[in-house]
Every structure is written in structure tokens, then in C-alpha cells.
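Peer 1: One structure, as C-alpha cells, below. Some questions next.
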Amino acid sequence: MYPSVGSDSSRKRSVERISAILPIRLSGTPGDLTTFARGRTLLASLDRRGLLGIFQEILLVVPDRELSLAHRLVAPFADGPFTVIGEDEAFPQFRTFPGQHEYRKQQLIKLGATARAATEFTLTLDADVYCCHSFETSDLVIEGRALMQMEPRAMHAPWWKASAELLSTEPDRSPLGMSGTPALLSRTISRALLAALESLHGRDPIALLLDQASSRWTEYTLYHLCAEKNGLLDRFHLPAGEQGRPSLICEASLWSARSLPDWDPSPCFSRPPSALFIVCQSNTGLPPDLVAAKLSRLEERRGVAMCGGDSVP
């Protein structure tokens, strides 16, 4: 199911297009379209910059009961190369582990979908991400190596420890490690990770990680440690935010509701761009229209036309 490293054309260094993956649960309680509104704002931020067309595929993976709602989400963006699929269809292992938190399933979707992607690199997205600047594929993937946002591993040491235990490796080979979404994942490394987990534990890797849901592993710590252990990190990645390369995540992102009164996202829209995306953390509980209004004002000041795709149908 997951070919080993170097088994196909994924070793080629040229990159023409990339894919994107958005795992998303669009509704909470019946009638609650908060996440739908966030997802619509994300897609609109890409659309108004003409970025939907740079992707070979934008894969939306949703709970099976939300397929019709997902089609409503993407309907205003006719130029987008969207594929919408139910999570149980894409990952039948989910049926064996009912009651899993959606957050856990979304982590696995990012790894599994990247391993199956038609392109070497996939941009992972969440509904609380917002695109601040236009870019080309060549801004994200430079001579066959994709940008990787870094942060101190000490910020989330338990995550690194749990992932290292699953991979039988050391959690702290270097002080810095991969940050969170949005991120660029390599198909080759994702396949290597899933193959390594299957080899080490003798079972399907998705089922294994579902069974280890109480552990503190994350998709990105597993990915980074596997790449590091197998000598793939420098082959497929280079640090974002260095030597004139943009960061993926703006430092002025919103991580807490307490920060809203003093939140100034204007540095995220500065030119030349220092970062391509801003994160407005969904677990702050802030209404998406409040966040969108603040970002929209900054857009208007910089002459970026707003489009009708921001409103919830």
C-alpha cells in the first residue's frame, strides 16, 4: 500500500506542481457552520490571489455524512481542482476505531493522503489557516527541496518523545524540529514513515496510530524523526525563513482569545512578504466572522479585492 523509499519516480528532483490536503469537519452540532465559515475564508484567501490553479489537486477529506456540505463549501471556487471524499472511504481503518477524536483522524489523513498523492509535495491546510500573499510553487519548493517551518523541540517535548518511542529513535538529535500546519510534506518521506511503522510494529500503520491515540505522537514529529533517521531531511527539505526564503507561518498569528484585543496581524501582510500564511487558532472559540473582518480590513488597505466567496450560504 505504501511503496518503499525510491521505488518510483518520487526521487526525481524536478517539481512542476504540488497538491494540497484539507481534512475538515464542517459542522459540530446541527446547524453549526462555524468551521464551514473558516474553511470558506481559507479558500477565498487562496482564490483571490489566483492560487487555486497552482495545485494539481486540492483534496478535501470530510466525515462521510458531510459530503454534500463539502460540495457546497467548494461550489463558489469553480477553478479549483477539488476532490471531495469521505474519510471512511479514504481510510477504512477509521471504521474499526469508532469514536476517535476528529483531530486525531485529521493528523492521519495528512500523512496517509500525502503518501498516496500524485505529486511529490503536498501542502497541508487546516480551516483556521489564511493565505496572506501570492506565491509560486517555486517559492515553496526550491531545487527539489520544500520549505519546512522550524521551532524549538522543547516547546512540545512530550510530542517528540512519544513519536521517537514509536520509531525507536532519539527525540532530540537537534534543538529544532518541524512546526505545525500549514506544512509541506514529501510523498517519499510519508511513505517511508508508514513503511517504518509497519516494519517496526508488524501491523497496518494507520491502525497502529489509531490504537495509540492516547499517546502524544503528532503527524509532524513522526514525519520529522523518520526523515532524520533515514537521512531524508536534507534531501527533501530546507528551513523556511532563512536566506531570503519566506516563512510558512507568520509570527503574528493568533493563538489565544486573550490576545485578540492587542492582536496586530498587519506584519503578516507586509511587503516583501516575510511569511505566506497566518493561523487564527480555531480553539480560541472566536467567531470566524470577527477574525475575517479584521483580516479583510488589512486586505482592503493593500488593494486585494475581496470576493463573494467569504459568506456562508
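By order in the C-alpha cells, chains are A, B, ...; within a chain, residues start at 1; ligands start at 1, following the order shown.
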Can you list every residue in segment 32-150 of chain A that DSSP puts in strand (DSSP E), as a PyMOL selection string?
Peer 2: chain A and resi 55-62+82-86+121-124+129-131+141-142+145-148+150
Peer 1: Let's have the selection written as a PDB file, in the first residue's frame, with N, CA and C atoms.
Peer 2:
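Below is the file out_30.pdb, written as the result:
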```pdb
ATOM      1  N   PHE A  55      -2.232  24.217  -7.840  1.00  0.00           N
ATOM      2  CA  PHE A  55      -2.285  22.867  -7.283  1.00  0.00           C
ATOM      3  C   PHE A  55      -2.767  21.871  -8.327  1.00  0.00           C
ATOM      4  N   GLN A  56      -2.140  20.715  -8.347  1.00  0.00           N
ATOM      5  CA  GLN A  56      -2.624  19.644  -9.218  1.00  0.00           C
ATOM      6  C   GLN A  56      -3.937  19.083  -8.672  1.00  0.00           C
ATOM      7  N   GLU A  57      -4.042  19.037  -7.344  1.00  0.00           N
ATOM      8  CA  GLU A  57      -5.267  18.567  -6.705  1.00  0.00           C
ATOM      9  C   GLU A  57      -5.368  19.210  -5.331  1.00  0.00           C
ATOM     10  N   ILE A  58      -6.580  19.589  -4.949  1.00  0.00           N
ATOM     11  CA  ILE A  58      -6.872  20.012  -3.583  1.00  0.00           C
ATOM     12  C   ILE A  58      -7.858  18.997  -3.029  1.00  0.00           C
ATOM     13  N   LEU A  59      -7.381  18.185  -2.112  1.00  0.00           N
ATOM     14  CA  LEU A  59      -8.185  17.080  -1.593  1.00  0.00           C
ATOM     15  C   LEU A  59      -8.847  17.497  -0.285  1.00  0.00           C
ATOM     16  N   LEU A  60     -10.163  17.454  -0.248  1.00  0.00           N
ATOM     17  CA  LEU A  60     -10.934  17.673   0.967  1.00  0.00           C
ATOM     18  C   LEU A  60     -11.415  16.331   1.473  1.00  0.00           C
ATOM     19  N   VAL A  61     -11.040  15.999   2.707  1.00  0.00           N
ATOM     20  CA  VAL A  61     -11.480  14.755   3.323  1.00  0.00           C
ATOM     21  C   VAL A  61     -12.360  15.121   4.502  1.00  0.00           C
ATOM     22  N   VAL A  62     -13.602  14.669   4.454  1.00  0.00           N
ATOM     23  CA  VAL A  62     -14.608  15.075   5.438  1.00  0.00           C
ATOM     24  C   VAL A  62     -15.313  13.839   5.983  1.00  0.00           C
ATOM     25  N   PHE A  82     -10.658  20.560  -7.072  1.00  0.00           N
ATOM     26  CA  PHE A  82     -11.063  19.911  -5.832  1.00  0.00           C
ATOM     27  C   PHE A  82     -11.463  18.462  -6.049  1.00  0.00           C
ATOM     28  N   THR A  83     -11.069  17.636  -5.101  1.00  0.00           N
ATOM     29  CA  THR A  83     -11.599  16.284  -4.965  1.00  0.00           C
ATOM     30  C   THR A  83     -12.136  16.175  -3.555  1.00  0.00           C
ATOM     31  N   VAL A  84     -13.393  15.781  -3.427  1.00  0.00           N
ATOM     32  CA  VAL A  84     -14.036  15.646  -2.120  1.00  0.00           C
ATOM     33  C   VAL A  84     -14.289  14.170  -1.871  1.00  0.00           C
ATOM     34  N   ILE A  85     -13.893  13.691  -0.702  1.00  0.00           N
ATOM     35  CA  ILE A  85     -14.038  12.273  -0.389  1.00  0.00           C
ATOM     36  C   ILE A  85     -14.366  12.114   1.095  1.00  0.00           C
ATOM     37  N   GLY A  86     -15.139  11.100   1.418  1.00  0.00           N
ATOM     38  CA  GLY A  86     -15.451  10.796   2.810  1.00  0.00           C
ATOM     39  C   GLY A  86     -14.280  10.108   3.487  1.00  0.00           C
ATOM     40  N   PHE A 121       5.221  16.710  -3.412  1.00  0.00           N
ATOM     41  CA  PHE A 121       4.978  17.533  -2.232  1.00  0.00           C
ATOM     42  C   PHE A 121       3.510  17.924  -2.115  1.00  0.00           C
ATOM     43  N   THR A 122       3.040  17.942  -0.882  1.00  0.00           N
ATOM     44  CA  THR A 122       1.668  18.315  -0.573  1.00  0.00           C
ATOM     45  C   THR A 122       1.664  19.373   0.519  1.00  0.00           C
ATOM     46  N   LEU A 123       0.877  20.407   0.301  1.00  0.00           N
ATOM     47  CA  LEU A 123       0.687  21.457   1.306  1.00  0.00           C
ATOM     48  C   LEU A 123      -0.474  21.059   2.203  1.00  0.00           C
ATOM     49  N   THR A 124      -0.210  20.941   3.504  1.00  0.00           N
ATOM     50  CA  THR A 124      -1.277  20.617   4.445  1.00  0.00           C
ATOM     51  C   THR A 124      -1.941  21.903   4.925  1.00  0.00           C
ATOM     52  N   VAL A 129      -6.395  28.390   8.860  1.00  0.00           N
ATOM     53  CA  VAL A 129      -5.269  28.986   8.132  1.00  0.00           C
ATOM     54  C   VAL A 129      -5.799  30.016   7.143  1.00  0.00           C
ATOM     55  N   TYR A 130      -5.018  31.053   6.911  1.00  0.00           N
ATOM     56  CA  TYR A 130      -5.411  32.134   5.989  1.00  0.00           C
ATOM     57  C   TYR A 130      -4.190  32.532   5.177  1.00  0.00           C
ATOM     58  N   CYS A 131      -4.334  32.612   3.872  1.00  0.00           N
ATOM     59  CA  CYS A 131      -3.221  32.961   2.992  1.00  0.00           C
ATOM     60  C   CYS A 131      -3.060  34.473   2.930  1.00  0.00           C
ATOM     61  N   VAL A 141       9.017  25.178  -3.131  1.00  0.00           N
ATOM     62  CA  VAL A 141       9.909  24.052  -3.422  1.00  0.00           C
ATOM     63  C   VAL A 141      11.056  24.577  -4.253  1.00  0.00           C
ATOM     64  N   ILE A 142      12.248  24.542  -3.689  1.00  0.00           N
ATOM     65  CA  ILE A 142      13.427  25.141  -4.304  1.00  0.00           C
ATOM     66  C   ILE A 142      14.422  24.034  -4.643  1.00  0.00           C
ATOM     67  N   ARG A 145      13.579  20.805  -3.022  1.00  0.00           N
ATOM     68  CA  ARG A 145      13.502  20.765  -1.560  1.00  0.00           C
ATOM     69  C   ARG A 145      12.429  21.739  -1.086  1.00  0.00           C
ATOM     70  N   ALA A 146      11.526  21.249  -0.272  1.00  0.00           N
ATOM     71  CA  ALA A 146      10.388  22.050   0.189  1.00  0.00           C
ATOM     72  C   ALA A 146      10.723  22.772   1.487  1.00  0.00           C
ATOM     73  N   LEU A 147      10.129  23.941   1.651  1.00  0.00           N
ATOM     74  CA  LEU A 147      10.305  24.708   2.884  1.00  0.00           C
ATOM     75  C   LEU A 147       9.745  23.929   4.073  1.00  0.00           C
ATOM     76  N   MET A 148      10.447  24.060   5.199  1.00  0.00           N
ATOM     77  CA  MET A 148       9.981  23.460   6.448  1.00  0.00           C
ATOM     78  C   MET A 148      10.073  24.507   7.553  1.00  0.00           C
ATOM     79  N   MET A 150      10.371  25.702  11.243  1.00  0.00           N
ATOM     80  CA  MET A 150      11.023  25.091  12.392  1.00  0.00           C
ATOM     81  C   MET A 150      10.647  25.812  13.678  1.00  0.00           C
TER      82      MET A 150
END
```
Peer 1: From a DSSP calculation on the backbone, collect every residue of segment 32-239 of chain A in helix (DSSP H, G or I) and output the set as an NGL selection string.
Peer 2: :A and (34-47 or 52-54 or 64-74 or 87-90 or 93-96 or 102-116 or 137-140 or 153-167 or 187-201 or 205-211 or 219-229 or 233-236)
Peer 1: Please provide the set of residues having any atom within 10 Å of Leu225 of chain A, restricted to only C-alpha atoms, with same-chain residues fewer than 6 positions apart removed, written as a PyMOL selection string.
Peer 2: chain A and resi 160+163-164+167-173+177-178+193+231-233
Peer 1: I'd like the contact shell of segment 63-79 of chain A - 9 Å cut-off, only C-alpha atoms, skipping same-chain residues fewer than 3 positions apart - returned as an mmCIF file with C-alpha atoms, in the first residue's frame.
Peer 2:
```cif
data_model
loop_
_atom_site.group_PDB
_atom_site.id
_atom_site.type_symbol
_atom_site.label_atom_id
_atom_site.label_comp_id
_atom_site.auth_asym_id
_atom_site.auth_seq_id
_atom_site.Cartn_x
_atom_site.Cartn_y
_atom_site.Cartn_z
ATOM 1 C CA ILE A 24 -12.046 19.199 7.815
ATOM 2 C CA ARG A 25 -15.125 18.559 9.912
ATOM 3 C CA LEU A 26 -17.541 21.171 8.643
ATOM 4 C CA SER A 27 -20.234 21.092 11.302
ATOM 5 C CA PHE A 36 -17.638 25.834 7.336
ATOM 6 C CA ALA A 37 -17.182 29.622 7.558
ATOM 7 C CA GLY A 39 -12.990 26.856 5.514
ATOM 8 C CA ARG A 40 -14.740 29.234 3.134
ATOM 9 C CA LEU A 43 -10.369 29.012 0.232
ATOM 10 C CA ALA A 44 -11.355 32.596 -0.575
ATOM 11 C CA ASP A 47 -8.776 32.206 -4.658
ATOM 12 C CA LEU A 52 -6.074 27.538 -6.618
ATOM 13 C CA GLY A 53 -4.679 26.824 -10.067
ATOM 14 C CA LEU A 60 -10.934 17.673 0.967
ATOM 15 C CA PHE A 82 -11.063 19.911 -5.832
ATOM 16 C CA VAL A 84 -14.036 15.646 -2.120
ATOM 17 C CA ILE A 85 -14.038 12.273 -0.389
ATOM 18 C CA GLY A 86 -15.451 10.796 2.810
ATOM 19 C CA GLU A 87 -12.909 9.902 5.457
ATOM 20 C CA ASP A 88 -14.222 6.363 5.950
ATOM 21 C CA GLU A 89 -13.935 5.712 2.235
ATOM 22 C CA GLU A 102 -11.580 14.329 14.731
ATOM 23 C CA GLY A 308 -18.039 36.900 -2.726
ATOM 24 C CA GLY A 309 -16.772 33.514 -1.606
ATOM 25 C CA VAL A 312 -21.736 31.253 4.277
ATOM 26 C CA PRO A 313 -24.613 30.131 2.037
#
```
Peer 1: Work out how far atom CA of Leu210 of chain A is from atom CA of Ile278 of chain A, in Å to one decimal.
Peer 2: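 Taking atom CA of Ile278 of chain A and atom CA of Leu210 of chain A, their separation equals 29.5 Å.
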Peer 1: When distances are computed from only C-alpha atoms, which of A:Ala127, A:Ala162, A:Ile18, A:Leu46 shows the smallest separation from Pro288 of chain A?
Peer 2: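 Among the listed residues, A:Ala127 lies closest to Pro288 of chain A.
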Peer 1: Please indicate the distance in Å from atom CA of Asp234 of chain A to atom CA of Leu22 of chain A, rounded to one decimal place.
Peer 2: 25.8 Å
Peer 1: Listing only residues of segment 159-218 of chain A within 10 Å of segment 241-257 of chain A, what is the closest atom pair and its distance in Å (to one decimal) for each, using only C-alpha atoms, sorted by chain and residue number ascending, as a Markdown table?
Peer 2:
```
| residue | atom | partner | partner_atom | distance |
| --- | --- | --- | --- | --- |
| A:Ser179 | CA | A:Ile249 | CA | 9.0 |
| A:Gly180 | CA | A:Ile249 | CA | 8.7 |
| A:Thr181 | CA | A:Ile249 | CA | 8.1 |
| A:Pro182 | CA | A:Leu248 | CA | 6.8 |
| A:Ala183 | CA | A:Leu248 | CA | 7.3 |
| A:Leu184 | CA | A:Leu248 | CA | 9.1 |
```
Peer 1: Would you kindly return, as a PyMOL selection string, each protein, DNA or RNA residue with an atom no farther than 6 Å from any atom of Leu176 of chain A, considering only C-alpha atoms and excluding same-chain residues fewer than 3 positions away?
Peer 2: chain A and resi 151-153
Peer 1: Residues as selected, C-alpha atoms, written as a PDB file, in the first residue's frame, can you do that?
Peer 2:
```pdb
ATOM      1  CA  GLU A 151      10.530  25.640  16.122  1.00  0.00           C
ATOM      2  CA  PRO A 152      12.342  24.533  19.304  1.00  0.00           C
ATOM      3  CA  ARG A 153      11.574  20.900  20.113  1.00  0.00           C
TER       4      ARG A 153
END
```
Peer 1: Report as a list of chain:residue names all protein, DNA and RNA residues lying within 10 Å of Ala113 of chain A, evaluated on only C-alpha atoms, omitting residues in the same chain fewer than 2 positions from it.
Peer 2: A:Ser19, A:Ala20, A:Ile21, A:Leu22, A:Pro23, A:Leu59, A:Val61, A:Ala90, A:Phe91, A:Leu108, A:Ile109, A:Lys110, A:Leu111, A:Ala115, A:Arg116, A:Ala117, A:Ala118, A:Thr122, A:Thr124, A:Arg187, A:Ser190
Peer 1: Print the selection's residues with N, CA and C atoms to a file, as a JSON list (two decimals), in the first residue's frame.
Peer 2:
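Writing done, so here's out_8.json:
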```json
[["chain", "number", "residue", "atom", "x", "y", "z"],
["A", 19, "SER", "N", 0.33, 19.32, -4.53],
["A", 19, "SER", "CA", -1.04, 19.06, -4.12],
["A", 19, "SER", "C", -1.32, 19.80, -2.81],
["A", 20, "ALA", "N", -2.57, 19.78, -2.40],
["A", 20, "ALA", "CA", -2.95, 20.32, -1.10],
["A", 20, "ALA", "C", -3.95, 19.36, -0.47],
["A", 21, "ILE", "N", -3.92, 19.28, 0.87],
["A", 21, "ILE", "CA", -4.84, 18.43, 1.60],
["A", 21, "ILE", "C", -5.49, 19.25, 2.70],
["A", 22, "LEU", "N", -6.81, 19.20, 2.75],
["A", 22, "LEU", "CA", -7.58, 19.88, 3.79],
["A", 22, "LEU", "C", -8.53, 18.88, 4.43],
["A", 23, "PRO", "N", -8.11, 18.27, 5.56],
["A", 23, "PRO", "CA", -9.06, 17.45, 6.30],
["A", 23, "PRO", "C", -9.90, 18.36, 7.19],
["A", 59, "LEU", "N", -7.38, 18.18, -2.11],
["A", 59, "LEU", "CA", -8.18, 17.08, -1.59],
["A", 59, "LEU", "C", -8.85, 17.50, -0.29],
["A", 61, "VAL", "N", -11.04, 16.00, 2.71],
["A", 61, "VAL", "CA", -11.48, 14.76, 3.32],
["A", 61, "VAL", "C", -12.36, 15.12, 4.50],
["A", 90, "ALA", "N", -11.83, 6.90, 2.34],
["A", 90, "ALA", "CA", -10.40, 7.07, 2.12],
["A", 90, "ALA", "C", -9.58, 6.23, 3.09],
["A", 91, "PHE", "N", -10.08, 6.08, 4.32],
["A", 91, "PHE", "CA", -9.34, 5.36, 5.35],
["A", 91, "PHE", "C", -10.31, 4.40, 6.06],
["A", 108, "LEU", "N", -3.87, 11.82, 10.81],
["A", 108, "LEU", "CA", -3.59, 10.63, 10.00],
["A", 108, "LEU", "C", -3.94, 10.86, 8.54],
["A", 109, "ILE", "N", -4.98, 11.62, 8.28],
["A", 109, "ILE", "CA", -5.35, 11.93, 6.90],
["A", 109, "ILE", "C", -4.22, 12.67, 6.21],
["A", 110, "LYS", "N", -3.58, 13.59, 6.90],
["A", 110, "LYS", "CA", -2.48, 14.35, 6.29],
["A", 110, "LYS", "C", -1.34, 13.43, 5.89],
["A", 111, "LEU", "N", -0.99, 12.50, 6.76],
["A", 111, "LEU", "CA", 0.09, 11.57, 6.44],
["A", 111, "LEU", "C", -0.32, 10.60, 5.33],
["A", 115, "ALA", "N", 1.09, 10.34, 1.36],
["A", 115, "ALA", "CA", 1.74, 9.12, 0.87],
["A", 115, "ALA", "C", 1.14, 8.63, -0.44],
["A", 116, "ARG", "N", -0.13, 8.95, -0.69],
["A", 116, "ARG", "CA", -0.81, 8.49, -1.90],
["A", 116, "ARG", "C", -0.88, 9.57, -2.99],
["A", 117, "ALA", "N", -0.35, 10.76, -2.72],
["A", 117, "ALA", "CA", -0.52, 11.89, -3.63],
["A", 117, "ALA", "C", 0.13, 11.64, -4.98],
["A", 118, "ALA", "N", -0.39, 12.32, -5.99],
["A", 118, "ALA", "CA", 0.17, 12.23, -7.34],
["A", 118, "ALA", "C", 1.43, 13.07, -7.48],
["A", 122, "THR", "N", 3.04, 17.94, -0.88],
["A", 122, "THR", "CA", 1.67, 18.32, -0.57],
["A", 122, "THR", "C", 1.66, 19.37, 0.52],
["A", 124, "THR", "N", -0.21, 20.94, 3.50],
["A", 124, "THR", "CA", -1.28, 20.62, 4.44],
["A", 124, "THR", "C", -1.94, 21.90, 4.92],
["A", 187, "ARG", "N", 5.98, 13.10, -0.32],
["A", 187, "ARG", "CA", 5.41, 11.77, -0.52],
["A", 187, "ARG", "C", 6.42, 10.68, -0.15],
["A", 190, "SER", "N", 6.71, 10.49, 3.66],
["A", 190, "SER", "CA", 5.47, 9.96, 4.24],
["A", 190, "SER", "C", 5.37, 8.45, 4.02]]
```
Peer 1: Counting only C-alpha atoms, which residues of segment 164-274 of chain A fall within 12 Å of segment 293-297 of chain A, and what is the closest atom pair for each with its distance in Å at one decimal, ordered by chain and rising number, as a tab-separated table?
Peer 2:
```
residue	atom	partner	partner_atom	distance
A:Ser253	CA	A:Leu295	CA	11.3
A:Leu254	CA	A:Leu295	CA	11.6
A:Leu260	CA	A:Lys294	CA	10.3
A:Pro261	CA	A:Lys294	CA	11.4
A:Trp263	CA	A:Lys294	CA	9.7
A:Asp264	CA	A:Lys294	CA	9.3
A:Pro265	CA	A:Leu295	CA	7.5
A:Ser266	CA	A:Leu295	CA	8.4
A:Pro267	CA	A:Leu295	CA	11.5
A:Cys268	CA	A:Leu295	CA	9.9
A:Phe269	CA	A:Leu295	CA	9.3
```
Peer 1: Put those residues in a file: C-alpha atoms, as a tab-separated table (two decimals), in the first residue's frame.
Peer 2:
```
chain	number	residue	atom	x	y	z
A	253	SER	CA	-0.64	34.53	14.15
A	254	LEU	CA	-3.43	34.37	16.72
A	260	LEU	CA	-7.37	39.42	20.39
A	261	PRO	CA	-7.61	42.96	21.90
A	263	TRP	CA	-3.67	41.35	18.10
A	264	ASP	CA	-2.00	43.11	15.20
A	265	PRO	CA	-1.77	40.86	12.14
A	266	SER	CA	-0.54	43.68	9.88
A	267	PRO	CA	3.07	42.34	9.81
A	268	CYS	CA	1.70	39.24	8.09
A	269	PHE	CA	0.64	41.38	5.12
```
Peer 1: Mind giving me the straight-line distance from atom CA of Pro175 of chain A to atom CA of Thr221 of chain A in Å, one decimal?
Peer 2: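 Separating atom CA of Pro175 of chain A from atom CA of Thr221 of chain A is a distance of 12.9 Å.
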